[in-house]
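Peer 1: Coordinates in target29.cif, mmCIF, N, CA and C atoms, are listed below.
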data_structure
#
loop_
_atom_site.label_atom_id
_atom_site.label_comp_id
_atom_site.auth_asym_id
_atom_site.auth_seq_id
_atom_site.Cartn_x
_atom_site.Cartn_y
_atom_site.Cartn_z
N MET I 3 -34.37 -131.77 110.38
CA MET I 3 -35.23 -130.90 111.14
C MET I 3 -35.18 -131.30 112.62
N HIS I 4 -35.05 -130.32 113.46
CA HIS I 4 -35.02 -130.55 114.91
C HIS I 4 -36.44 -130.53 115.47
N THR I 5 -36.65 -131.36 116.47
CA THR I 5 -37.93 -131.31 117.17
C THR I 5 -37.70 -130.90 118.62
N THR I 6 -38.68 -130.27 119.16
CA THR I 6 -38.60 -129.79 120.53
C THR I 6 -39.06 -130.87 121.48
N SER I 7 -38.27 -131.11 122.52
CA SER I 7 -38.65 -132.04 123.58
C SER I 7 -39.51 -131.27 124.57
N ILE I 8 -40.65 -131.85 124.93
CA ILE I 8 -41.56 -131.22 125.89
C ILE I 8 -41.75 -132.20 127.05
N LYS I 9 -41.42 -131.76 128.24
CA LYS I 9 -41.59 -132.59 129.43
C LYS I 9 -42.36 -131.81 130.48
N ILE I 10 -43.08 -132.54 131.32
CA ILE I 10 -43.77 -131.93 132.45
C ILE I 10 -43.03 -132.37 133.70
N LYS I 11 -42.61 -131.41 134.49
CA LYS I 11 -41.80 -131.69 135.68
C LYS I 11 -42.50 -131.16 136.93
N TYR I 12 -42.12 -131.71 138.05
CA TYR I 12 -42.67 -131.31 139.35
C TYR I 12 -41.60 -130.59 140.15
N ARG I 13 -41.96 -129.47 140.74
CA ARG I 13 -41.07 -128.72 141.62
C ARG I 13 -41.70 -128.69 143.01
N SER I 14 -41.00 -129.23 143.99
CA SER I 14 -41.51 -129.23 145.37
C SER I 14 -41.57 -127.82 145.92
N SER I 15 -42.49 -127.62 146.84
CA SER I 15 -42.61 -126.34 147.52
C SER I 15 -41.44 -126.16 148.47
N THR I 16 -41.03 -124.94 148.67
CA THR I 16 -39.98 -124.66 149.64
C THR I 16 -40.54 -124.66 151.06
N VAL I 17 -41.87 -124.62 151.15
CA VAL I 17 -42.54 -124.65 152.45
C VAL I 17 -42.99 -126.10 152.73
N PRO I 18 -42.49 -126.71 153.79
CA PRO I 18 -42.87 -128.10 154.10
C PRO I 18 -44.39 -128.25 154.26
N GLY I 19 -44.93 -129.32 153.67
CA GLY I 19 -46.34 -129.60 153.78
C GLY I 19 -47.22 -128.88 152.77
N GLN I 20 -46.63 -128.03 151.94
CA GLN I 20 -47.39 -127.30 150.93
C GLN I 20 -47.29 -128.02 149.57
N GLU I 21 -48.25 -127.73 148.71
CA GLU I 21 -48.25 -128.31 147.37
C GLU I 21 -47.08 -127.75 146.55
N GLY I 22 -46.55 -128.60 145.70
CA GLY I 22 -45.54 -128.18 144.75
C GLY I 22 -46.22 -127.76 143.46
N SER I 23 -45.44 -127.35 142.48
CA SER I 23 -46.03 -126.90 141.22
C SER I 23 -45.48 -127.70 140.05
N LEU I 24 -46.24 -127.69 138.98
CA LEU I 24 -45.83 -128.36 137.74
C LEU I 24 -45.35 -127.30 136.76
N PHE I 25 -44.36 -127.68 135.96
CA PHE I 25 -43.89 -126.78 134.91
C PHE I 25 -43.54 -127.57 133.66
N PHE I 26 -43.57 -126.88 132.55
CA PHE I 26 -43.20 -127.47 131.27
C PHE I 26 -41.74 -127.15 130.99
N GLN I 27 -40.99 -128.16 130.57
CA GLN I 27 -39.59 -127.97 130.19
C GLN I 27 -39.48 -128.24 128.69
N PHE I 28 -38.88 -127.30 127.98
CA PHE I 28 -38.69 -127.41 126.54
C PHE I 28 -37.21 -127.44 126.24
N ILE I 29 -36.82 -128.35 125.35
CA ILE I 29 -35.44 -128.41 124.89
C ILE I 29 -35.46 -128.42 123.37
N TYR I 30 -34.75 -127.45 122.80
CA TYR I 30 -34.66 -127.33 121.35
C TYR I 30 -33.25 -126.88 121.00
N LYS I 31 -32.54 -127.68 120.23
CA LYS I 31 -31.17 -127.38 119.84
C LYS I 31 -30.31 -127.03 121.05
N ARG I 32 -30.41 -127.85 122.10
CA ARG I 32 -29.66 -127.72 123.35
C ARG I 32 -30.05 -126.51 124.18
N GLU I 33 -31.05 -125.78 123.77
CA GLU I 33 -31.55 -124.65 124.55
C GLU I 33 -32.69 -125.15 125.43
N VAL I 34 -32.65 -124.82 126.71
CA VAL I 34 -33.66 -125.26 127.66
C VAL I 34 -34.44 -124.05 128.15
N LYS I 35 -35.76 -124.15 128.10
CA LYS I 35 -36.64 -123.09 128.60
C LYS I 35 -37.69 -123.73 129.49
N ILE I 36 -38.15 -122.98 130.46
CA ILE I 36 -39.15 -123.46 131.40
C ILE I 36 -40.35 -122.54 131.38
N LEU I 37 -41.52 -123.15 131.43
CA LEU I 37 -42.78 -122.42 131.47
C LEU I 37 -43.55 -122.93 132.68
N THR I 38 -43.68 -122.10 133.70
CA THR I 38 -44.36 -122.49 134.92
C THR I 38 -45.86 -122.53 134.67
N SER I 39 -46.50 -123.54 135.22
CA SER I 39 -47.96 -123.64 135.10
C SER I 39 -48.60 -123.22 136.43
N SER I 40 -49.89 -123.14 136.43
CA SER I 40 -50.61 -122.78 137.66
C SER I 40 -51.05 -124.03 138.43
N TYR I 41 -50.69 -125.20 137.95
CA TYR I 41 -51.12 -126.45 138.56
C TYR I 41 -50.32 -126.76 139.82
N LYS I 42 -51.04 -127.05 140.91
CA LYS I 42 -50.42 -127.35 142.20
C LYS I 42 -50.91 -128.70 142.70
N LEU I 43 -49.99 -129.50 143.24
CA LEU I 43 -50.36 -130.78 143.83
C LEU I 43 -49.22 -131.26 144.71
N PHE I 44 -49.47 -132.30 145.46
CA PHE I 44 -48.46 -132.87 146.34
C PHE I 44 -47.63 -133.89 145.57
N PHE I 45 -46.42 -134.13 146.04
CA PHE I 45 -45.52 -135.04 145.35
C PHE I 45 -46.11 -136.43 145.15
N HIS I 46 -46.80 -136.95 146.17
CA HIS I 46 -47.35 -138.30 146.07
C HIS I 46 -48.51 -138.37 145.05
N GLU I 47 -48.98 -137.23 144.58
CA GLU I 47 -50.06 -137.18 143.59
C GLU I 47 -49.52 -137.08 142.16
N TRP I 48 -48.20 -137.11 142.01
CA TRP I 48 -47.56 -136.96 140.70
C TRP I 48 -46.71 -138.17 140.37
N ASN I 49 -46.83 -138.66 139.12
CA ASN I 49 -46.00 -139.76 138.63
C ASN I 49 -44.95 -139.16 137.70
N PRO I 50 -43.70 -139.03 138.19
CA PRO I 50 -42.67 -138.38 137.37
C PRO I 50 -42.24 -139.20 136.15
N VAL I 51 -42.41 -140.50 136.20
CA VAL I 51 -42.01 -141.34 135.07
C VAL I 51 -42.99 -141.17 133.91
N LEU I 52 -44.29 -141.22 134.22
CA LEU I 52 -45.32 -141.07 133.20
C LEU I 52 -45.68 -139.61 132.93
N GLU I 53 -45.18 -138.71 133.79
CA GLU I 53 -45.49 -137.29 133.71
C GLU I 53 -47.00 -137.07 133.72
N LYS I 54 -47.66 -137.72 134.69
CA LYS I 54 -49.11 -137.64 134.82
C LYS I 54 -49.51 -137.57 136.28
N VAL I 55 -50.72 -137.05 136.49
CA VAL I 55 -51.30 -137.00 137.83
C VAL I 55 -51.69 -138.41 138.24
N ARG I 56 -51.39 -138.76 139.48
CA ARG I 56 -51.80 -140.07 140.02
C ARG I 56 -53.21 -139.91 140.57
N LEU I 57 -54.13 -140.57 139.94
CA LEU I 57 -55.51 -140.53 140.41
C LEU I 57 -55.75 -141.69 141.36
N GLY I 58 -56.62 -141.48 142.33
CA GLY I 58 -56.94 -142.54 143.28
C GLY I 58 -55.95 -142.70 144.40
N CYS I 59 -55.07 -141.73 144.59
CA CYS I 59 -54.05 -141.87 145.64
C CYS I 59 -54.26 -140.88 146.78
N SER I 60 -55.26 -140.03 146.67
CA SER I 60 -55.53 -139.03 147.70
C SER I 60 -56.91 -139.25 148.28
N SER I 61 -57.30 -138.36 149.15
CA SER I 61 -58.62 -138.47 149.78
C SER I 61 -59.73 -138.31 148.74
N PRO I 62 -60.87 -138.92 148.98
CA PRO I 62 -62.00 -138.79 148.05
C PRO I 62 -62.42 -137.33 147.82
N LEU I 63 -62.20 -136.48 148.80
CA LEU I 63 -62.54 -135.06 148.65
C LEU I 63 -61.61 -134.36 147.67
N ARG I 64 -60.40 -134.83 147.55
CA ARG I 64 -59.41 -134.20 146.67
C ARG I 64 -59.47 -134.75 145.24
N GLU I 65 -60.08 -135.90 145.08
CA GLU I 65 -60.10 -136.58 143.78
C GLU I 65 -60.70 -135.72 142.65
N PRO I 66 -61.83 -135.03 142.85
CA PRO I 66 -62.36 -134.19 141.76
C PRO I 66 -61.37 -133.11 141.32
N TYR I 67 -60.65 -132.53 142.27
CA TYR I 67 -59.63 -131.53 141.94
C TYR I 67 -58.54 -132.16 141.08
N LEU I 68 -58.08 -133.34 141.47
CA LEU I 68 -57.01 -134.00 140.72
C LEU I 68 -57.47 -134.40 139.32
N GLN I 69 -58.72 -134.84 139.19
CA GLN I 69 -59.24 -135.19 137.87
C GLN I 69 -59.31 -133.96 136.97
N LYS I 70 -59.75 -132.84 137.54
CA LYS I 70 -59.81 -131.59 136.78
C LYS I 70 -58.41 -131.12 136.40
N LEU I 71 -57.47 -131.23 137.34
CA LEU I 71 -56.09 -130.86 137.08
C LEU I 71 -55.50 -131.73 135.97
N SER I 72 -55.73 -133.02 136.04
CA SER I 72 -55.23 -133.95 135.03
C SER I 72 -55.76 -133.61 133.65
N SER I 73 -57.05 -133.36 133.58
CA SER I 73 -57.68 -133.01 132.31
C SER I 73 -57.12 -131.70 131.76
N GLY I 74 -57.02 -130.69 132.61
CA GLY I 74 -56.50 -129.39 132.19
C GLY I 74 -55.06 -129.48 131.74
N LEU I 75 -54.26 -130.25 132.46
CA LEU I 75 -52.85 -130.42 132.11
C LEU I 75 -52.70 -131.11 130.76
N SER I 76 -53.49 -132.15 130.53
CA SER I 76 -53.44 -132.87 129.24
C SER I 76 -53.84 -131.94 128.10
N HIS I 77 -54.87 -131.15 128.32
CA HIS I 77 -55.33 -130.22 127.28
C HIS I 77 -54.26 -129.17 126.99
N GLU I 78 -53.68 -128.61 128.04
CA GLU I 78 -52.64 -127.60 127.83
C GLU I 78 -51.43 -128.18 127.13
N TYR I 79 -51.03 -129.40 127.50
CA TYR I 79 -49.91 -130.06 126.84
C TYR I 79 -50.18 -130.22 125.34
N GLU I 80 -51.37 -130.69 125.01
CA GLU I 80 -51.72 -130.88 123.60
C GLU I 80 -51.68 -129.57 122.83
N MET I 81 -52.20 -128.51 123.43
CA MET I 81 -52.21 -127.20 122.77
C MET I 81 -50.78 -126.69 122.56
N ILE I 82 -49.95 -126.84 123.57
CA ILE I 82 -48.55 -126.41 123.46
C ILE I 82 -47.84 -127.21 122.38
N GLU I 83 -48.05 -128.53 122.39
CA GLU I 83 -47.39 -129.38 121.40
C GLU I 83 -47.81 -129.02 119.98
N LYS I 84 -49.10 -128.83 119.75
CA LYS I 84 -49.58 -128.44 118.41
C LYS I 84 -48.96 -127.12 117.98
N HIS I 85 -48.93 -126.17 118.89
CA HIS I 85 -48.39 -124.85 118.57
C HIS I 85 -46.90 -124.93 118.23
N ILE I 86 -46.16 -125.68 119.03
CA ILE I 86 -44.72 -125.83 118.78
C ILE I 86 -44.47 -126.54 117.46
N ARG I 87 -45.20 -127.62 117.19
CA ARG I 87 -44.98 -128.37 115.94
C ARG I 87 -45.28 -127.49 114.72
N ARG I 88 -46.27 -126.63 114.85
CA ARG I 88 -46.58 -125.71 113.76
C ARG I 88 -45.45 -124.70 113.58
N LEU I 89 -44.94 -124.17 114.68
CA LEU I 89 -43.85 -123.19 114.61
C LEU I 89 -42.54 -123.80 114.14
N GLU I 90 -42.31 -125.07 114.46
CA GLU I 90 -41.07 -125.73 114.05
C GLU I 90 -40.92 -125.79 112.54
N LYS I 91 -42.02 -125.76 111.85
CA LYS I 91 -41.99 -125.80 110.38
C LYS I 91 -41.44 -124.50 109.80
N SER I 92 -41.44 -123.47 110.61
CA SER I 92 -40.89 -122.18 110.19
C SER I 92 -39.39 -122.18 110.44
N SER I 93 -38.64 -121.65 109.54
CA SER I 93 -37.18 -121.61 109.71
C SER I 93 -36.76 -120.62 110.80
N ALA I 94 -37.69 -119.77 111.22
CA ALA I 94 -37.37 -118.75 112.22
C ALA I 94 -37.80 -119.16 113.63
N PHE I 95 -38.09 -120.45 113.84
CA PHE I 95 -38.56 -120.90 115.14
C PHE I 95 -37.50 -120.64 116.20
N ASN I 96 -37.94 -120.06 117.31
CA ASN I 96 -37.06 -119.74 118.42
C ASN I 96 -37.80 -120.07 119.70
N LEU I 97 -37.19 -120.88 120.54
CA LEU I 97 -37.83 -121.32 121.77
C LEU I 97 -38.11 -120.16 122.72
N GLN I 98 -37.20 -119.24 122.81
CA GLN I 98 -37.39 -118.08 123.69
C GLN I 98 -38.59 -117.25 123.25
N ASP I 99 -38.75 -117.07 121.96
CA ASP I 99 -39.90 -116.32 121.44
C ASP I 99 -41.20 -117.05 121.73
N PHE I 100 -41.19 -118.38 121.60
CA PHE I 100 -42.39 -119.16 121.89
C PHE I 100 -42.81 -118.98 123.34
N VAL I 101 -41.86 -119.13 124.28
CA VAL I 101 -42.17 -119.02 125.70
C VAL I 101 -42.69 -117.62 126.03
N ARG I 102 -42.04 -116.60 125.49
CA ARG I 102 -42.48 -115.23 125.72
C ARG I 102 -43.90 -115.01 125.18
N GLU I 103 -44.16 -115.49 123.98
CA GLU I 103 -45.48 -115.36 123.36
C GLU I 103 -46.54 -116.10 124.18
N TYR I 104 -46.21 -117.29 124.62
CA TYR I 104 -47.17 -118.09 125.39
C TYR I 104 -47.51 -117.42 126.72
N ARG I 105 -46.50 -116.89 127.39
CA ARG I 105 -46.74 -116.17 128.65
C ARG I 105 -47.61 -114.95 128.44
N ASN I 106 -47.37 -114.22 127.39
CA ASN I 106 -48.16 -113.01 127.11
C ASN I 106 -49.60 -113.34 126.77
N ASN I 107 -49.84 -114.46 126.10
CA ASN I 107 -51.19 -114.83 125.69
C ASN I 107 -51.97 -115.53 126.80
N ASN I 108 -51.29 -115.99 127.81
CA ASN I 108 -51.98 -116.70 128.90
C ASN I 108 -51.82 -115.93 130.19
#
Can the structure in the file be given as structure tokens, please?
Peer 2:
Amino acid sequence: MHTTSIKIKYRSSTVPGQEGSLFFQFIYKREVKILTSSYKLFFHEWNPVLEKVRLGCSSPLREPYLQKLSSGLSHEYEMIEKHIRRLEKSSAFNLQDFVREYRNNN
């Protein structure tokens, strides 16, 4: 049985000085799909190795936003992972269908 790899990646903004965005990357049977999230932050606020928000690295005014972002991102990751693991048990699991369904429901 194949399992889907789920990673959270950071994409820098094309506009200098603006926040970049986070996206989910899925790999299943060599097929790669991307699901863009609504989460925005600066590069120095993201830990690419741990795939987590760096707390305590920005101004005190920004910290509540980062804590909320971190919590929301963790929750969304868990929901996506549960949904994918449930679908993987089906012989008809298709990554493209999952991404399309997730976009339509959110």
Peer 1: Quick one: everything within 10 Å of region 28-41 of chain I, counting only C-alpha atoms, minus sequence neighbours fewer than 6 positions away in the same chain. Send it as a ChimeraX atom specification.
Peer 2: /I:4-13,21-22,68,71-72,74-75,78,86,90,95-98,100-102,104-105
Peer 1: Looking at only C-alpha atoms, which of I:Leu52, I:Tyr67, I:Asn108, I:Tyr79 is the one that sits closest to Phe25 (chain I)?
Peer 2: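 Nearest candidate to Phe25 (chain I) out of I:Leu52, I:Tyr67, I:Asn108, I:Tyr79: I:Tyr79.
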Peer 1: Residues picked by the PyMOL selection byres (((chain I and resi 44 and name CA) around 8) and name CA) here, as a compact mmCIF listing (two decimals) with N, CA and C atoms, keeping the file's coordinate frame?
Peer 2:
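Everything below was put into part00.txt:
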# COMPACT_ATOMS: atom_id res chain seq x y z
N SER I 14 -41.00 -129.23 143.99
CA SER I 14 -41.51 -129.23 145.37
C SER I 14 -41.57 -127.82 145.92
N GLN I 20 -46.63 -128.03 151.94
CA GLN I 20 -47.39 -127.30 150.93
C GLN I 20 -47.29 -128.02 149.57
N GLU I 21 -48.25 -127.73 148.71
CA GLU I 21 -48.25 -128.31 147.37
C GLU I 21 -47.08 -127.75 146.55
N GLY I 22 -46.55 -128.60 145.70
CA GLY I 22 -45.54 -128.18 144.75
C GLY I 22 -46.22 -127.76 143.46
N LYS I 42 -51.04 -127.05 140.91
CA LYS I 42 -50.42 -127.35 142.20
C LYS I 42 -50.91 -128.70 142.70
N LEU I 43 -49.99 -129.50 143.24
CA LEU I 43 -50.36 -130.78 143.83
C LEU I 43 -49.22 -131.26 144.71
N PHE I 45 -46.42 -134.13 146.04
CA PHE I 45 -45.52 -135.04 145.35
C PHE I 45 -46.11 -136.43 145.15
N HIS I 46 -46.80 -136.95 146.17
CA HIS I 46 -47.35 -138.30 146.07
C HIS I 46 -48.51 -138.37 145.05
N GLU I 47 -48.98 -137.23 144.58
CA GLU I 47 -50.06 -137.18 143.59
C GLU I 47 -49.52 -137.08 142.16
N TRP I 48 -48.20 -137.11 142.01
CA TRP I 48 -47.56 -136.96 140.70
C TRP I 48 -46.71 -138.17 140.37
Peer 1: When DSSP works through the backbone of this structure, what residues of chain I end up as helix (DSSP H, G or I), shown as a ChimeraX atom specification?
Peer 2: /I:45-47,65-90,97-107
Peer 1: DSSP on the backbone: which residues in chain I end up as strand (DSSP E or B)? Give the answer as an NGL selection string.
Peer 2: :I and (7-13 or 22-30 or 33-43 or 48-49 or 54-55)
Peer 1: Could you tell me how far atom C of Ala94 (chain I) lies from atom C of Ser76 (chain I), in Å and to one decimal?
Peer 2: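 That distance, rounded to one decimal, is 25.1 Å.
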Peer 1: Taking only C-alpha atoms into account, name the residue in I:Glu53, I:Gly19, I:Gln69, I:Glu103 that is nearest to Ile82 (chain I).
Peer 2: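 Answer, going by the shortest atom-to-atom distance: I:Glu103.
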Peer 1: Can you complete the atoms of region 26-37 of chain I to all heavy atoms and list them as a PDB file, keeping the file's coordinate frame?
Peer 2:
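This is the output file out_9.pdb:
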ATOM      1  N   PHE I  26     -43.570-126.880 132.550  1.00  0.00           N
ATOM      2  CA  PHE I  26     -43.200-127.470 131.270  1.00  0.00           C
ATOM      3  C   PHE I  26     -41.740-127.150 130.990  1.00  0.00           C
ATOM      4  O   PHE I  26     -41.306-126.015 131.165  1.00  0.00           O
ATOM      5  CB  PHE I  26     -44.060-126.904 130.137  1.00  0.00           C
ATOM      6  CG  PHE I  26     -45.511-127.254 130.253  1.00  0.00           C
ATOM      7  CD1 PHE I  26     -46.398-126.392 130.890  1.00  0.00           C
ATOM      8  CD2 PHE I  26     -46.007-128.427 129.721  1.00  0.00           C
ATOM      9  CE1 PHE I  26     -47.741-126.703 130.997  1.00  0.00           C
ATOM     10  CE2 PHE I  26     -47.350-128.755 129.826  1.00  0.00           C
ATOM     11  CZ  PHE I  26     -48.214-127.881 130.469  1.00  0.00           C
ATOM     12  N   GLN I  27     -40.990-128.160 130.570  1.00  0.00           N
ATOM     13  CA  GLN I  27     -39.590-127.970 130.190  1.00  0.00           C
ATOM     14  C   GLN I  27     -39.480-128.240 128.690  1.00  0.00           C
ATOM     15  O   GLN I  27     -39.935-129.279 128.206  1.00  0.00           O
ATOM     16  CB  GLN I  27     -38.691-128.931 130.953  1.00  0.00           C
ATOM     17  CG  GLN I  27     -37.229-128.810 130.558  1.00  0.00           C
ATOM     18  CD  GLN I  27     -36.389-129.912 131.165  1.00  0.00           C
ATOM     19  OE1 GLN I  27     -36.673-131.087 130.967  1.00  0.00           O
ATOM     20  NE2 GLN I  27     -35.369-129.523 131.894  1.00  0.00           N
ATOM     21  N   PHE I  28     -38.880-127.300 127.980  1.00  0.00           N
ATOM     22  CA  PHE I  28     -38.690-127.410 126.540  1.00  0.00           C
ATOM     23  C   PHE I  28     -37.210-127.440 126.240  1.00  0.00           C
ATOM     24  O   PHE I  28     -36.438-126.658 126.797  1.00  0.00           O
ATOM     25  CB  PHE I  28     -39.301-126.204 125.818  1.00  0.00           C
ATOM     26  CG  PHE I  28     -40.740-125.959 126.169  1.00  0.00           C
ATOM     27  CD1 PHE I  28     -41.085-124.997 127.105  1.00  0.00           C
ATOM     28  CD2 PHE I  28     -41.749-126.682 125.565  1.00  0.00           C
ATOM     29  CE1 PHE I  28     -42.405-124.762 127.434  1.00  0.00           C
ATOM     30  CE2 PHE I  28     -43.069-126.462 125.888  1.00  0.00           C
ATOM     31  CZ  PHE I  28     -43.395-125.498 126.825  1.00  0.00           C
ATOM     32  N   ILE I  29     -36.820-128.350 125.350  1.00  0.00           N
ATOM     33  CA  ILE I  29     -35.440-128.410 124.890  1.00  0.00           C
ATOM     34  C   ILE I  29     -35.460-128.420 123.370  1.00  0.00           C
ATOM     35  O   ILE I  29     -36.109-129.262 122.748  1.00  0.00           O
ATOM     36  CB  ILE I  29     -34.704-129.662 125.425  1.00  0.00           C
ATOM     37  CG1 ILE I  29     -34.750-129.706 126.948  1.00  0.00           C
ATOM     38  CG2 ILE I  29     -33.257-129.669 124.916  1.00  0.00           C
ATOM     39  CD1 ILE I  29     -34.208-130.988 127.552  1.00  0.00           C
ATOM     40  N   TYR I  30     -34.750-127.450 122.800  1.00  0.00           N
ATOM     41  CA  TYR I  30     -34.660-127.330 121.350  1.00  0.00           C
ATOM     42  C   TYR I  30     -33.250-126.880 121.000  1.00  0.00           C
ATOM     43  O   TYR I  30     -32.791-125.824 121.447  1.00  0.00           O
ATOM     44  CB  TYR I  30     -35.688-126.317 120.846  1.00  0.00           C
ATOM     45  CG  TYR I  30     -35.678-126.107 119.352  1.00  0.00           C
ATOM     46  CD1 TYR I  30     -36.184-127.076 118.499  1.00  0.00           C
ATOM     47  CD2 TYR I  30     -35.160-124.945 118.801  1.00  0.00           C
ATOM     48  CE1 TYR I  30     -36.189-126.888 117.124  1.00  0.00           C
ATOM     49  CE2 TYR I  30     -35.169-124.744 117.428  1.00  0.00           C
ATOM     50  CZ  TYR I  30     -35.680-125.714 116.602  1.00  0.00           C
ATOM     51  OH  TYR I  30     -35.680-125.532 115.234  1.00  0.00           O
ATOM     52  N   LYS I  31     -32.540-127.680 120.230  1.00  0.00           N
ATOM     53  CA  LYS I  31     -31.170-127.380 119.840  1.00  0.00           C
ATOM     54  C   LYS I  31     -30.310-127.030 121.050  1.00  0.00           C
ATOM     55  O   LYS I  31     -29.627-126.022 121.083  1.00  0.00           O
ATOM     56  CB  LYS I  31     -31.124-126.234 118.826  1.00  0.00           C
ATOM     57  CG  LYS I  31     -31.728-126.568 117.487  1.00  0.00           C
ATOM     58  CD  LYS I  31     -31.553-125.392 116.538  1.00  0.00           C
ATOM     59  CE  LYS I  31     -32.090-125.708 115.171  1.00  0.00           C
ATOM     60  NZ  LYS I  31     -31.965-124.563 114.262  1.00  0.00           N
ATOM     61  N   ARG I  32     -30.410-127.850 122.100  1.00  0.00           N
ATOM     62  CA  ARG I  32     -29.660-127.720 123.350  1.00  0.00           C
ATOM     63  C   ARG I  32     -30.050-126.510 124.180  1.00  0.00           C
ATOM     64  O   ARG I  32     -29.445-126.241 125.208  1.00  0.00           O
ATOM     65  CB  ARG I  32     -28.158-127.683 123.085  1.00  0.00           C
ATOM     66  CG  ARG I  32     -27.624-128.936 122.463  1.00  0.00           C
ATOM     67  CD  ARG I  32     -26.140-128.861 122.384  1.00  0.00           C
ATOM     68  NE  ARG I  32     -25.644-129.948 121.556  1.00  0.00           N
ATOM     69  CZ  ARG I  32     -24.392-130.132 121.297  1.00  0.00           C
ATOM     70  NH1 ARG I  32     -23.475-129.330 121.797  1.00  0.00           N
ATOM     71  NH2 ARG I  32     -24.011-131.124 120.545  1.00  0.00           N
ATOM     72  N   GLU I  33     -31.050-125.780 123.770  1.00  0.00           N
ATOM     73  CA  GLU I  33     -31.550-124.650 124.550  1.00  0.00           C
ATOM     74  C   GLU I  33     -32.690-125.150 125.430  1.00  0.00           C
ATOM     75  O   GLU I  33     -33.583-125.842 124.959  1.00  0.00           O
ATOM     76  CB  GLU I  33     -32.054-123.547 123.608  1.00  0.00           C
ATOM     77  CG  GLU I  33     -32.616-122.357 124.336  1.00  0.00           C
ATOM     78  CD  GLU I  33     -33.168-121.305 123.376  1.00  0.00           C
ATOM     79  OE1 GLU I  33     -33.319-121.587 122.176  1.00  0.00           O
ATOM     80  OE2 GLU I  33     -33.470-120.212 123.861  1.00  0.00           O
ATOM     81  N   VAL I  34     -32.650-124.820 126.710  1.00  0.00           N
ATOM     82  CA  VAL I  34     -33.660-125.260 127.660  1.00  0.00           C
ATOM     83  C   VAL I  34     -34.440-124.050 128.150  1.00  0.00           C
ATOM     84  O   VAL I  34     -33.858-123.054 128.567  1.00  0.00           O
ATOM     85  CB  VAL I  34     -33.029-125.990 128.868  1.00  0.00           C
ATOM     86  CG1 VAL I  34     -34.094-126.426 129.858  1.00  0.00           C
ATOM     87  CG2 VAL I  34     -32.202-127.177 128.407  1.00  0.00           C
ATOM     88  N   LYS I  35     -35.760-124.150 128.100  1.00  0.00           N
ATOM     89  CA  LYS I  35     -36.640-123.090 128.600  1.00  0.00           C
ATOM     90  C   LYS I  35     -37.690-123.730 129.490  1.00  0.00           C
ATOM     91  O   LYS I  35     -38.094-124.875 129.267  1.00  0.00           O
ATOM     92  CB  LYS I  35     -37.328-122.332 127.467  1.00  0.00           C
ATOM     93  CG  LYS I  35     -36.393-121.513 126.621  1.00  0.00           C
ATOM     94  CD  LYS I  35     -35.816-120.369 127.417  1.00  0.00           C
ATOM     95  CE  LYS I  35     -34.824-119.589 126.588  1.00  0.00           C
ATOM     96  NZ  LYS I  35     -33.994-118.728 127.376  1.00  0.00           N
ATOM     97  N   ILE I  36     -38.150-122.980 130.460  1.00  0.00           N
ATOM     98  CA  ILE I  36     -39.150-123.460 131.400  1.00  0.00           C
ATOM     99  C   ILE I  36     -40.350-122.540 131.380  1.00  0.00           C
ATOM    100  O   ILE I  36     -40.217-121.322 131.307  1.00  0.00           O
ATOM    101  CB  ILE I  36     -38.553-123.542 132.819  1.00  0.00           C
ATOM    102  CG1 ILE I  36     -37.531-124.676 132.866  1.00  0.00           C
ATOM    103  CG2 ILE I  36     -39.623-123.718 133.868  1.00  0.00           C
ATOM    104  CD1 ILE I  36     -36.803-124.800 134.164  1.00  0.00           C
ATOM    105  N   LEU I  37     -41.520-123.150 131.430  1.00  0.00           N
ATOM    106  CA  LEU I  37     -42.780-122.420 131.470  1.00  0.00           C
ATOM    107  C   LEU I  37     -43.550-122.930 132.680  1.00  0.00           C
ATOM    108  O   LEU I  37     -43.974-124.083 132.713  1.00  0.00           O
ATOM    109  CB  LEU I  37     -43.566-122.676 130.182  1.00  0.00           C
ATOM    110  CG  LEU I  37     -44.822-121.896 129.954  1.00  0.00           C
ATOM    111  CD1 LEU I  37     -44.560-120.406 129.910  1.00  0.00           C
ATOM    112  CD2 LEU I  37     -45.441-122.322 128.634  1.00  0.00           C
TER     113      LEU I  37
END
